[in-house]
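**Q** Have a peek at work_10.csv (CSV, C-alpha atoms).
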chain,number,residue,atom,x,y,z
I,1,MET,CA,6.9,-14.3,3.8
I,2,LYS,CA,6.6,-18.0,4.7
I,3,ALA,CA,2.8,-17.6,4.2
I,4,GLU,CA,2.0,-21.2,5.0
I,5,GLU,CA,3.5,-20.8,8.5
I,6,MET,CA,1.8,-17.5,9.1
I,7,TRP,CA,-1.6,-19.0,8.1
I,8,LYS,CA,-1.3,-21.4,11.0
I,9,VAL,CA,-1.6,-18.3,13.3
I,10,SER,CA,-3.6,-15.9,11.2
I,11,THR,CA,-5.3,-15.6,7.9
I,12,GLY,CA,-6.7,-12.1,8.4
I,13,GLU,CA,-10.1,-13.4,9.6
I,14,GLY,CA,-12.3,-10.7,11.0
I,15,VAL,CA,-10.5,-7.8,9.3
I,16,LYS,CA,-12.1,-5.7,6.6
I,17,VAL,CA,-9.9,-4.0,4.1
I,18,ALA,CA,-11.3,-1.1,2.0
I,19,VAL,CA,-9.7,-1.3,-1.5
I,20,VAL,CA,-10.0,2.1,-3.1
I,21,ASP,CA,-9.2,1.6,-6.7
I,22,THR,CA,-10.7,1.0,-10.2
I,23,GLY,CA,-13.5,-1.1,-8.6
I,24,VAL,CA,-13.4,-4.7,-7.6
I,25,ASN,CA,-15.0,-7.6,-9.6
I,26,PRO,CA,-16.5,-9.8,-6.9
I,27,ASN,CA,-17.1,-12.7,-9.3
I,28,THR,CA,-13.6,-13.9,-10.0
I,29,PRO,CA,-13.1,-17.4,-8.7
I,30,SER,CA,-10.6,-16.2,-6.1
I,31,LEU,CA,-12.9,-13.4,-4.8
I,32,LYS,CA,-16.3,-15.2,-4.6
I,33,GLY,CA,-17.6,-14.6,-1.1
I,34,GLN,CA,-14.7,-12.3,-0.3
I,35,VAL,CA,-16.2,-8.9,-1.3
I,36,LEU,CA,-18.7,-7.2,0.9
I,37,VAL,CA,-20.7,-5.5,-1.7
I,38,GLY,CA,-23.5,-4.6,0.6
I,39,GLU,CA,-21.3,-2.7,2.9
I,40,VAL,CA,-20.5,0.1,0.4
I,41,PRO,CA,-22.5,3.2,1.2
I,42,GLU,CA,-24.8,4.1,-1.7
I,43,ALA,CA,-23.5,7.7,-1.8
I,44,VAL,CA,-20.0,6.5,-2.7
I,45,GLY,CA,-20.8,3.2,-4.3
I,46,TYR,CA,-20.8,4.2,-8.0
I,47,LYS,CA,-19.9,1.1,-10.0
I,48,ALA,CA,-17.8,-0.2,-7.1
I,49,THR,CA,-18.1,-3.7,-8.4
I,50,GLU,CA,-17.3,-2.9,-12.1
I,51,ASP,CA,-13.6,-2.9,-12.6
I,52,TYR,CA,-12.9,-1.3,-15.9
I,53,LYS,CA,-9.2,-2.0,-15.8
I,54,GLY,CA,-8.6,-5.1,-13.8
I,55,HIS,CA,-6.3,-3.3,-11.4
I,56,GLY,CA,-8.5,-3.0,-8.3
I,57,THR,CA,-9.5,-6.7,-8.6
I,58,SER,CA,-5.9,-7.7,-8.8
I,59,MET,CA,-5.1,-5.7,-5.6
I,60,ALA,CA,-8.1,-7.3,-3.9
I,61,GLU,CA,-6.9,-10.7,-4.8
I,62,LEU,CA,-3.4,-10.0,-3.6
I,63,ILE,CA,-4.9,-9.1,-0.3
I,64,ALA,CA,-7.7,-11.6,0.3
I,65,GLY,CA,-8.0,-13.9,-2.7
I,66,THR,CA,-8.8,-17.5,-1.8
I,67,GLY,CA,-6.9,-19.2,-4.7
I,68,ALA,CA,-10.1,-20.9,-5.9
I,69,GLY,CA,-10.3,-21.8,-9.5
I,70,ASP,CA,-6.5,-21.5,-10.0
I,71,GLY,CA,-6.8,-17.8,-9.1
I,72,LEU,CA,-4.5,-15.8,-6.9
I,73,LYS,CA,-4.3,-16.7,-3.3
I,74,GLY,CA,-3.8,-13.5,-1.3
I,75,LEU,CA,-1.6,-13.1,1.7
I,76,ALA,CA,-4.6,-12.6,4.0
I,77,PRO,CA,-7.2,-15.1,2.5
I,78,GLY,CA,-9.4,-14.8,5.7
I,79,ALA,CA,-9.8,-11.1,5.3
I,80,LYS,CA,-12.8,-9.4,3.5
I,81,ILE,CA,-12.7,-6.7,0.9
I,82,VAL,CA,-15.0,-3.6,0.8
I,83,PRO,CA,-14.7,-2.2,-2.8
I,84,TYR,CA,-14.6,1.4,-3.8
I,85,ARG,CA,-14.1,3.0,-7.2
I,86,ILE,CA,-12.9,6.6,-7.6
I,87,ALA,CA,-13.0,8.8,-10.7
I,88,LEU,CA,-10.3,7.7,-13.2
I,89,THR,CA,-9.2,9.0,-16.5
I,90,GLY,CA,-10.1,6.7,-19.4
I,91,LEU,CA,-13.7,6.8,-18.3
I,92,SER,CA,-16.3,9.0,-20.0
I,93,LYS,CA,-16.8,12.5,-18.5
I,94,ALA,CA,-20.3,11.4,-17.4
I,95,GLU,CA,-18.8,8.5,-15.4
I,96,GLN,CA,-16.1,10.7,-13.9
I,97,LYS,CA,-18.8,13.1,-12.7
I,98,ASN,CA,-20.8,10.3,-11.1
I,99,ALA,CA,-17.8,8.6,-9.4
I,100,PRO,CA,-17.1,9.7,-5.8
I,101,THR,CA,-14.0,11.8,-5.0
I,102,LEU,CA,-11.2,10.3,-2.9
I,103,GLY,CA,-12.0,12.6,0.0
I,104,LYS,CA,-15.6,11.4,0.2
I,105,VAL,CA,-14.6,7.8,0.0
I,106,ILE,CA,-12.0,8.1,2.7
I,107,ARG,CA,-14.6,9.7,5.0
I,108,ALA,CA,-17.1,7.0,4.2
I,109,VAL,CA,-14.6,4.3,5.1
I,110,ALA,CA,-13.6,6.2,8.3
I,111,ASP,CA,-17.2,5.9,9.4
I,112,SER,CA,-17.4,2.2,8.7
I,113,ASP,CA,-15.9,-0.8,10.5
I,114,ALA,CA,-13.2,-1.4,7.9
I,115,LYS,CA,-9.9,-1.3,9.7
I,116,ILE,CA,-7.5,-0.8,6.7
I,117,ILE,CA,-7.7,1.5,3.7
I,118,SER,CA,-5.5,0.3,0.9
I,119,MET,CA,-4.8,2.8,-1.9
I,120,SER,CA,-2.6,1.6,-4.7
I,121,PHE,CA,-2.4,4.9,-6.5
I,122,GLY,CA,-0.8,8.3,-6.0
I,123,GLY,CA,-0.5,11.7,-7.5
I,124,THR,CA,1.3,15.1,-7.4
I,125,ILE,CA,-1.5,17.4,-6.2
I,126,ASP,CA,-2.2,18.1,-2.5
I,127,PHE,CA,-6.0,18.4,-2.2
I,128,PRO,CA,-7.2,20.1,1.0
I,129,ASP,CA,-10.3,17.9,1.2
I,130,VAL,CA,-8.3,14.7,0.9
I,131,ARG,CA,-5.8,15.9,3.5
I,132,ALA,CA,-8.7,16.7,5.8
I,133,ALA,CA,-10.3,13.3,5.1
I,134,VAL,CA,-7.1,11.5,5.9
I,135,LYS,CA,-6.8,13.3,9.2
I,136,TYR,CA,-10.4,12.4,10.0
I,137,ALA,CA,-9.8,8.7,9.2
I,138,GLN,CA,-6.8,8.7,11.4
I,139,SER,CA,-8.9,10.1,14.2
I,140,LYS,CA,-11.3,7.2,13.7
I,141,GLY,CA,-8.5,4.6,14.1
I,142,LYS,CA,-8.0,3.6,10.5
I,143,LEU,CA,-4.7,2.3,9.1
I,144,MET,CA,-4.1,3.9,5.7
I,145,LEU,CA,-1.5,2.6,3.2
I,146,ALA,CA,-0.7,4.1,-0.2
I,147,ALA,CA,1.7,3.5,-3.1
I,148,THR,CA,4.7,5.8,-3.4
I,149,GLY,CA,4.6,5.6,-7.2
I,150,ASN,CA,6.6,4.2,-10.1
I,151,GLU,CA,8.4,7.2,-11.7
I,152,ALA,CA,11.9,7.0,-10.2
I,153,GLU,CA,13.5,5.9,-13.5
I,154,GLY,CA,12.3,9.2,-15.0
I,155,LYS,CA,11.6,12.2,-12.8
I,156,ASN,CA,11.0,11.1,-9.3
I,157,VAL,CA,8.0,12.8,-7.7
I,158,ILE,CA,6.5,13.4,-4.3
I,159,GLY,CA,3.2,11.5,-4.3
I,160,TYR,CA,-0.1,11.9,-2.6
I,161,PRO,CA,-1.8,10.4,-0.6
I,162,ALA,CA,1.3,8.5,0.4
I,163,SER,CA,3.0,11.6,1.6
I,164,TYR,CA,0.1,12.8,3.7
I,165,PRO,CA,0.6,12.6,7.5
I,166,TYR,CA,-0.9,9.3,8.8
I,167,VAL,CA,-0.7,7.5,5.5
I,168,VAL,CA,2.0,4.8,5.2
I,169,GLY,CA,4.0,5.2,2.0
I,170,VAL,CA,4.9,1.8,0.6
I,171,ALA,CA,7.9,1.3,-1.8
I,172,ALA,CA,8.4,-1.9,-3.9
I,173,ALA,CA,11.2,-4.4,-3.4
I,174,ASP,CA,12.1,-7.8,-4.7
I,175,LYS,CA,12.6,-11.0,-2.7
I,176,SER,CA,16.2,-10.1,-1.9
I,177,GLY,CA,15.3,-6.7,-0.4
I,178,THR,CA,16.4,-4.8,-3.5
I,179,VAL,CA,14.3,-1.7,-4.2
I,180,GLY,CA,12.8,-1.5,-7.7
I,181,LYS,CA,14.3,1.0,-10.1
I,182,PHE,CA,10.9,2.4,-10.7
I,183,SER,CA,9.9,2.8,-7.0
I,184,ASN,CA,9.7,6.5,-6.1
I,185,TYR,CA,11.9,7.6,-3.2
I,186,GLY,CA,11.7,10.4,-0.6
I,187,ASN,CA,11.2,11.0,3.1
I,188,TYR,CA,7.6,9.9,2.8
I,189,VAL,CA,8.6,6.3,2.1
I,190,ASP,CA,7.8,4.4,5.4
I,191,LEU,CA,8.0,0.7,4.5
I,192,ALA,CA,8.9,-1.5,1.7
I,193,SER,CA,6.9,-4.6,0.5
I,194,PRO,CA,7.3,-7.2,-2.3
I,195,GLY,CA,6.3,-5.5,-5.5
I,196,LEU,CA,8.2,-7.3,-8.3
I,197,ASP,CA,7.1,-10.4,-10.2
I,198,ALA,CA,3.6,-10.2,-8.8
I,199,PRO,CA,0.8,-11.7,-10.9
I,200,THR,CA,-2.1,-9.5,-11.8
I,201,TRP,CA,-5.0,-9.7,-14.2
I,202,CYS,CA,-4.0,-8.7,-17.7
I,203,ASP,CA,-7.1,-6.7,-18.3
I,204,ASN,CA,-10.8,-6.4,-17.4
I,205,THR,CA,-11.8,-9.5,-19.3
I,206,PHE,CA,-10.4,-11.5,-16.3
I,207,ARG,CA,-9.3,-14.4,-18.6
I,208,SER,CA,-5.6,-14.6,-17.7
I,209,TYR,CA,-2.9,-13.2,-15.4
I,210,CYS,CA,0.2,-11.3,-16.4
I,211,ASN,CA,3.4,-10.8,-14.5
I,212,GLY,CA,3.4,-7.3,-13.0
I,213,GLN,CA,5.4,-5.1,-10.8
I,214,GLY,CA,4.9,-1.8,-9.0
I,215,THR,CA,4.2,0.0,-5.8
I,216,SER,CA,0.6,-0.9,-6.3
I,217,GLN,CA,1.3,-4.6,-5.7
I,218,ALA,CA,3.6,-3.7,-2.8
I,219,THR,CA,0.8,-1.7,-1.1
I,220,ALA,CA,-1.7,-4.5,-1.5
I,221,ILE,CA,0.7,-7.0,0.1
I,222,ALA,CA,1.5,-4.5,2.9
I,223,SER,CA,-2.2,-4.1,3.6
I,224,ALA,CA,-2.6,-7.8,3.7
I,225,SER,CA,0.3,-8.0,6.2
I,226,ALA,CA,-1.4,-5.5,8.4
I,227,ALA,CA,-4.6,-7.6,8.2
I,228,LEU,CA,-2.8,-10.7,9.4
I,229,VAL,CA,-1.4,-8.9,12.4
I,230,TRP,CA,-4.6,-7.2,13.3
I,231,SER,CA,-6.6,-10.4,13.1
I,232,ALA,CA,-4.2,-12.1,15.5
I,233,HIS,CA,-4.3,-9.1,17.8
I,234,PRO,CA,-7.9,-7.6,17.4
I,235,ASP,CA,-7.5,-5.4,20.5
I,236,TRP,CA,-4.5,-3.5,19.1
I,237,THR,CA,-4.9,0.0,17.6
I,238,ALA,CA,-3.7,1.1,14.2
I,239,ASN,CA,-0.7,2.6,15.8
I,240,GLN,CA,0.3,-0.7,17.4
I,241,VAL,CA,-0.2,-2.7,14.2
I,242,LEU,CA,2.0,-0.3,12.3
I,243,ALA,CA,4.5,-0.2,15.1
I,244,SER,CA,4.8,-3.9,15.1
I,245,LEU,CA,5.5,-4.0,11.3
I,246,ILE,CA,8.1,-1.2,11.7
I,247,ASP,CA,9.8,-3.0,14.6
I,248,THR,CA,10.1,-6.3,12.7
I,249,ALA,CA,10.9,-4.9,9.2
I,250,GLY,CA,14.0,-6.3,7.6
I,251,ARG,CA,16.8,-3.8,7.4
I,252,ASP,CA,20.6,-3.5,7.7
I,253,TRP,CA,20.6,0.0,8.9
I,254,ALA,CA,19.7,1.7,12.2
I,255,LYS,CA,16.0,1.8,12.9
I,256,ASP,CA,16.2,5.5,13.9
I,257,ASP,CA,17.8,6.3,10.5
I,258,PRO,CA,15.2,5.3,7.9
I,259,SER,CA,16.1,4.9,4.3
I,260,THR,CA,14.8,7.3,1.6
I,261,TYR,CA,14.2,4.3,-0.6
I,262,LEU,CA,12.9,1.6,1.7
I,263,GLY,CA,11.9,3.5,4.8
I,264,TYR,CA,12.1,1.4,7.9
I,265,GLY,CA,12.6,-1.7,5.9
I,266,LEU,CA,10.9,-4.7,4.2
I,267,ILE,CA,7.8,-5.9,6.0
I,268,ARG,CA,7.9,-9.3,7.7
I,269,PRO,CA,4.6,-9.9,9.4
I,270,ARG,CA,5.6,-13.4,10.4
I,271,LYS,CA,8.1,-11.9,12.9
I,272,VAL,CA,5.1,-10.5,14.7
I,273,LEU,CA,2.9,-13.5,14.4
I,274,GLU,CA,5.5,-16.0,15.6
I,275,ASN,CA,5.7,-14.1,19.0
I,276,SER,CA,2.4,-14.4,20.8
I,277,ASP,CA,3.8,-12.0,23.5
I,278,PHE,CA,4.9,-9.3,21.0
I,279,ASN,CA,4.9,-5.9,22.6
I,280,PRO,CA,3.6,-3.3,20.1
I,281,GLY,CA,4.1,-0.3,22.4
I,282,PRO,CA,1.5,2.2,23.7
I,283,ALA,CA,-1.9,2.2,21.9
I,284,ALA,CA,-1.9,6.0,21.5
I,285,THR,CA,1.7,6.5,20.3
I,286,ASP,CA,2.1,7.2,16.6
I,287,PRO,CA,5.1,5.3,15.3
I,288,LEU,CA,5.5,7.8,12.6
I,289,ALA,CA,5.1,10.9,14.8
I,290,LYS,CA,8.4,12.4,13.6
I,291,GLU,CA,7.5,12.0,10.0
I,292,ASN,CA,3.9,13.1,10.4
I,293,ALA,CA,5.0,16.3,12.2
I,294,ALA,CA,7.7,17.2,9.7
I,295,GLY,CA,5.8,16.4,6.5
I,296,VAL,CA,7.7,16.2,3.2
I,297,THR,CA,11.0,18.0,4.0
I,298,ASP,CA,12.7,18.0,0.6
I,299,ASP,CA,12.2,17.4,-3.1
I,300,PRO,CA,13.5,13.9,-3.9
I,301,SER,CA,13.8,14.8,-7.6
I,302,ASP,CA,16.7,17.0,-6.6
I,303,SER,CA,18.4,14.3,-4.6
I,304,PRO,CA,21.3,12.1,-5.9
I,305,SER,CA,20.2,8.6,-6.6
I,306,THR,CA,21.6,5.8,-4.4
I,307,SER,CA,22.6,2.3,-4.2
I,308,ALA,CA,23.4,0.4,-1.0
I,309,SER,CA,23.5,-3.3,-0.3
I,310,ALA,CA,21.8,-5.6,2.1
I,311,SER,CA,23.8,-8.1,4.1
I,312,SER,CA,21.2,-10.9,4.2
I,313,PRO,CA,18.0,-12.0,2.5
I,314,PRO,CA,14.7,-10.6,3.7
I,315,GLY,CA,13.4,-13.8,5.1
I,316,ASP,CA,16.1,-13.8,7.8
I,317,SER,CA,16.3,-11.9,11.0
I,318,THR,CA,18.5,-8.9,10.0
I,319,SER,CA,17.5,-8.5,6.4
I,320,GLY,CA,16.0,-6.1,3.9
I,321,GLY,CA,18.8,-3.9,2.5
I,322,GLN,CA,18.5,-1.4,-0.3
I,323,THR,CA,20.7,-2.6,-3.1
I,324,SER,CA,20.9,-1.2,-6.5
I,325,ALA,CA,17.6,-1.4,-8.4
I,326,ALA,CA,16.6,-4.8,-9.6
I,327,SER,CA,14.0,-4.1,-12.2
I,328,SER,CA,14.5,-2.5,-15.6
I,329,SER,CA,10.8,-1.7,-16.4
I,330,SER,CA,8.1,0.2,-14.6
I,331,ASP,CA,4.7,-1.0,-13.5
I,332,ASN,CA,2.5,-1.9,-16.5
I,333,THR,CA,-0.6,-0.9,-14.5
I,334,THR,CA,0.3,2.8,-14.3
I,335,MET,CA,-2.7,5.0,-14.8
I,336,TRP,CA,-3.9,8.5,-14.0
I,337,VAL,CA,-6.8,9.4,-11.8
I,338,ALA,CA,-9.0,12.4,-12.0
I,339,LEU,CA,-10.4,13.9,-8.8
I,340,GLY,CA,-13.7,15.6,-9.4
I,341,ALA,CA,-13.5,18.1,-12.2
I,342,ALA,CA,-9.7,18.5,-11.9
I,343,ALA,CA,-7.5,16.3,-14.1
I,344,ALA,CA,-5.3,15.5,-11.2
I,345,ALA,CA,-2.4,13.2,-11.3
I,346,LEU,CA,-3.1,10.3,-9.1
I,347,LEU,CA,-0.9,7.5,-10.2
I,348,ILE,CA,-1.9,4.0,-9.6
I,349,GLY,CA,0.7,1.7,-9.1
I,350,GLY,CA,3.8,2.8,-10.6
I,351,SER,CA,17.3,8.3,-11.0
I,352,ALA,CA,19.9,6.9,-11.2
I,353,PHE,CA,21.5,5.6,-8.0
I,354,ALA,CA,24.4,7.2,-6.1
I,355,VAL,CA,27.1,5.3,-4.3
I,356,PHE,CA,26.1,6.2,-0.8
I,357,ARG,CA,23.2,5.3,1.3
I,358,SER,CA,20.6,8.1,1.3
I,359,ARG,CA,18.8,8.8,4.5
I,360,ARG,CA,15.6,10.7,4.5
I,361,GLY,CA,16.5,12.3,7.9
I,362,ALA,CA,19.6,13.9,6.5
I,363,THR,CA,17.9,17.3,6.2
I,364,ASP,CA,16.6,17.3,9.8
As C-alpha cells, how would this structure be written, given the file I've shared?
**A**
Amino acid sequence: MKAEEMWKVSTGEGVKVAVVDTGVNPNTPSLKGQVLVGEVPEAVGYKATEDYKGHGTSMAELIAGTGAGDGLKGLAPGAKIVPYRIALTGLSKAEQKNAPTLGKVIRAVADSDAKIISMSFGGTIDFPDVRAAVKYAQSKGKLMLAATGNEAEGKNVIGYPASYPYVVGVAAADKSGTVGKFSNYGNYVDLASPGLDAPTWCDNTFRSYCNGQGTSQATAIASASAALVWSAHPDWTANQVLASLIDTAGRDWAKDDPSTYLGYGLIRPRKVLENSDFNPGPAATDPLAKENAAGVTDDPSDSPSTSASASSPPGDSTSGGQTSAASSSSDNTTMWVALGAAAAALLIGGSAFAVFRSRRGATD
C-alpha cells in the first residue's frame, strides 16, 4: 500500500463512509472525532453507536482510525464515518425488532451525502427490498462494497449483498497477493484487498486488539482505498472511482478475463494517486456493466477449486496473482445477521483448489 506515500496526496478528507455493521463505538481513542453520530437519521439510528461485538468499530478504524492512543490508524484517516447498526443474531428479539433492516439503511444512506457504503457482511438470501434499495443507491451515485464471505474451506456459497448488481464484491488476500483459503469465490468477486493479519478489537470491551482475518477486513480496506481516490478527485463519479481501482489493480492475468477468486485483482490505490492526470473513463460508464447485466451465472459450490500463482508481489506494477491459499483458519469475526423477522444468513466477515486458473467468465 505504501500508505505514508499516499497520505502525502490524500488522506480521504472530505469523504464520508457509511459503515453498516454491528454499530460503531465513537469513543475509542482512534475514532474520537471521526464518527458523525449526528448525521444518522433517527428512523434508522437504533443503537448505531453501541457496538455489541466490536466488529463494526474495528471496520471503522481500519477505514478512518487516526491511530491516537496506540489505536489502529486506518488507510483513510482523513475520512469520516457515519455509523449504522442492522439487526443481528445474538441480540434479544426486542432489539432485533427495533433495529432497522438493511434495505431501509441503504435507502437512508442513499439519501445522504455519504459517498461510500461499506458492508462487511453477507448472506445467502436474496431479499427483494434489499435488491431494490441497492439499485436506488446506485441511482443516487453511491459506491457500495461488500464482503464475499469466509466459507470457502467448507461449502462455498454465493453471498448477498456482494453478488447484487452495483455492489463490489471484495475477496481477501495476503500481502503477496495470495487469496485466503476462507475467501469465498465466484463470478461476483470483483476486487481483492488485504484481509489477512489485520488487527481488530478482540471484543466489545475495547481493551485490546487481536489478530484477525477475513473478507470483512478486506472490504473495510477497499472502502478506505476508494475514499482516498475520491478525496483526491472529488469531481469523479462512483463509476470513475471504481474504474480507477479496477484499472490499477495488481494482476498477472488479462484484465478482460477476471478471476473467480480475486476478480480484477488486488487493489492498489497508490497507482491512481501517484498519477495526477489519471484518466478514469466516462462518468456514466459502469465498469462492471457486464457483471451487473449477467448477475450470478453459476454456482461456485459446484466448481473445482483452484490454485494459480502470481509472478510478482502486489506492491509492484504487474502484481497480485492468485496463488494457493495462504491461510489455514477462517475469520474469527464470523457472525450471522437477521433481517427483520427472518433469520436470514447475512455473514459478517468470513474448496479445495484445482491446478488450473478458474475464470468467472468461463460460462459466458
**Q** Go through I:Ala64, I:Leu72, I:Val82, I:Ala293 one by one, measure the shortest atom-to-atom distance of each to Ala198 (chain I) using only C-alpha atoms, and give the residue with the smallest value.
**A**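 Using only C-alpha atoms, Ala198 (chain I) sits closest to I:Leu72.
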**Q** Between CA of Ala79 (chain I) and CA of Ala289 (chain I), what distance in Å does the model show, to one decimal?
**A**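 Separation between CA of Ala79 (chain I) and CA of Ala289 (chain I): 28.2 Å.
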**Q** Taking all atoms listed in the file into account, name the residue in I:Pro83, I:Gly65, I:Gly45, I:Gly56 that is nearest to Thr101 (chain I).
**A**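 Checking each of I:Pro83, I:Gly65, I:Gly45, I:Gly56 against Thr101 (chain I), counting all atoms listed in the file, the winner is I:Gly45.
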**Q** Identify which of the residues I:Thr215, I:Gln138, I:Thr148, I:Ser10 lies closest to Lys115 (chain I), counting all atoms listed in the file when measuring atom-to-atom distances.
**A** I:Gln138
**Q** I want to know what sits within 12 Å of region 236-244 of chain I, based on only C-alpha atoms, with residues of the same chain fewer than 2 positions away left out; could you give that as a count of residues only?
**A** 59
**Q** So how many Å separate CA of Leu31 (chain I) and CA of Thr66 (chain I), to one decimal?
**A**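 That distance, rounded to one decimal, is 6.5 Å.
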**Q** Give me the residues within 10 Å of Gln217 (chain I) as a PyMOL selection string, counting all atoms listed in the file and dropping any in the same chain fewer than 5 places off.
**A** chain I and resi 55+58-60+62-63+120+147+170-172+193-200+212+222-223+331+333+348-350
**Q** Hey, can you check how far CA of Val19 (chain I) sits from CA of Ile81 (chain I)?
**A**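 It comes out at 6.6 Å.
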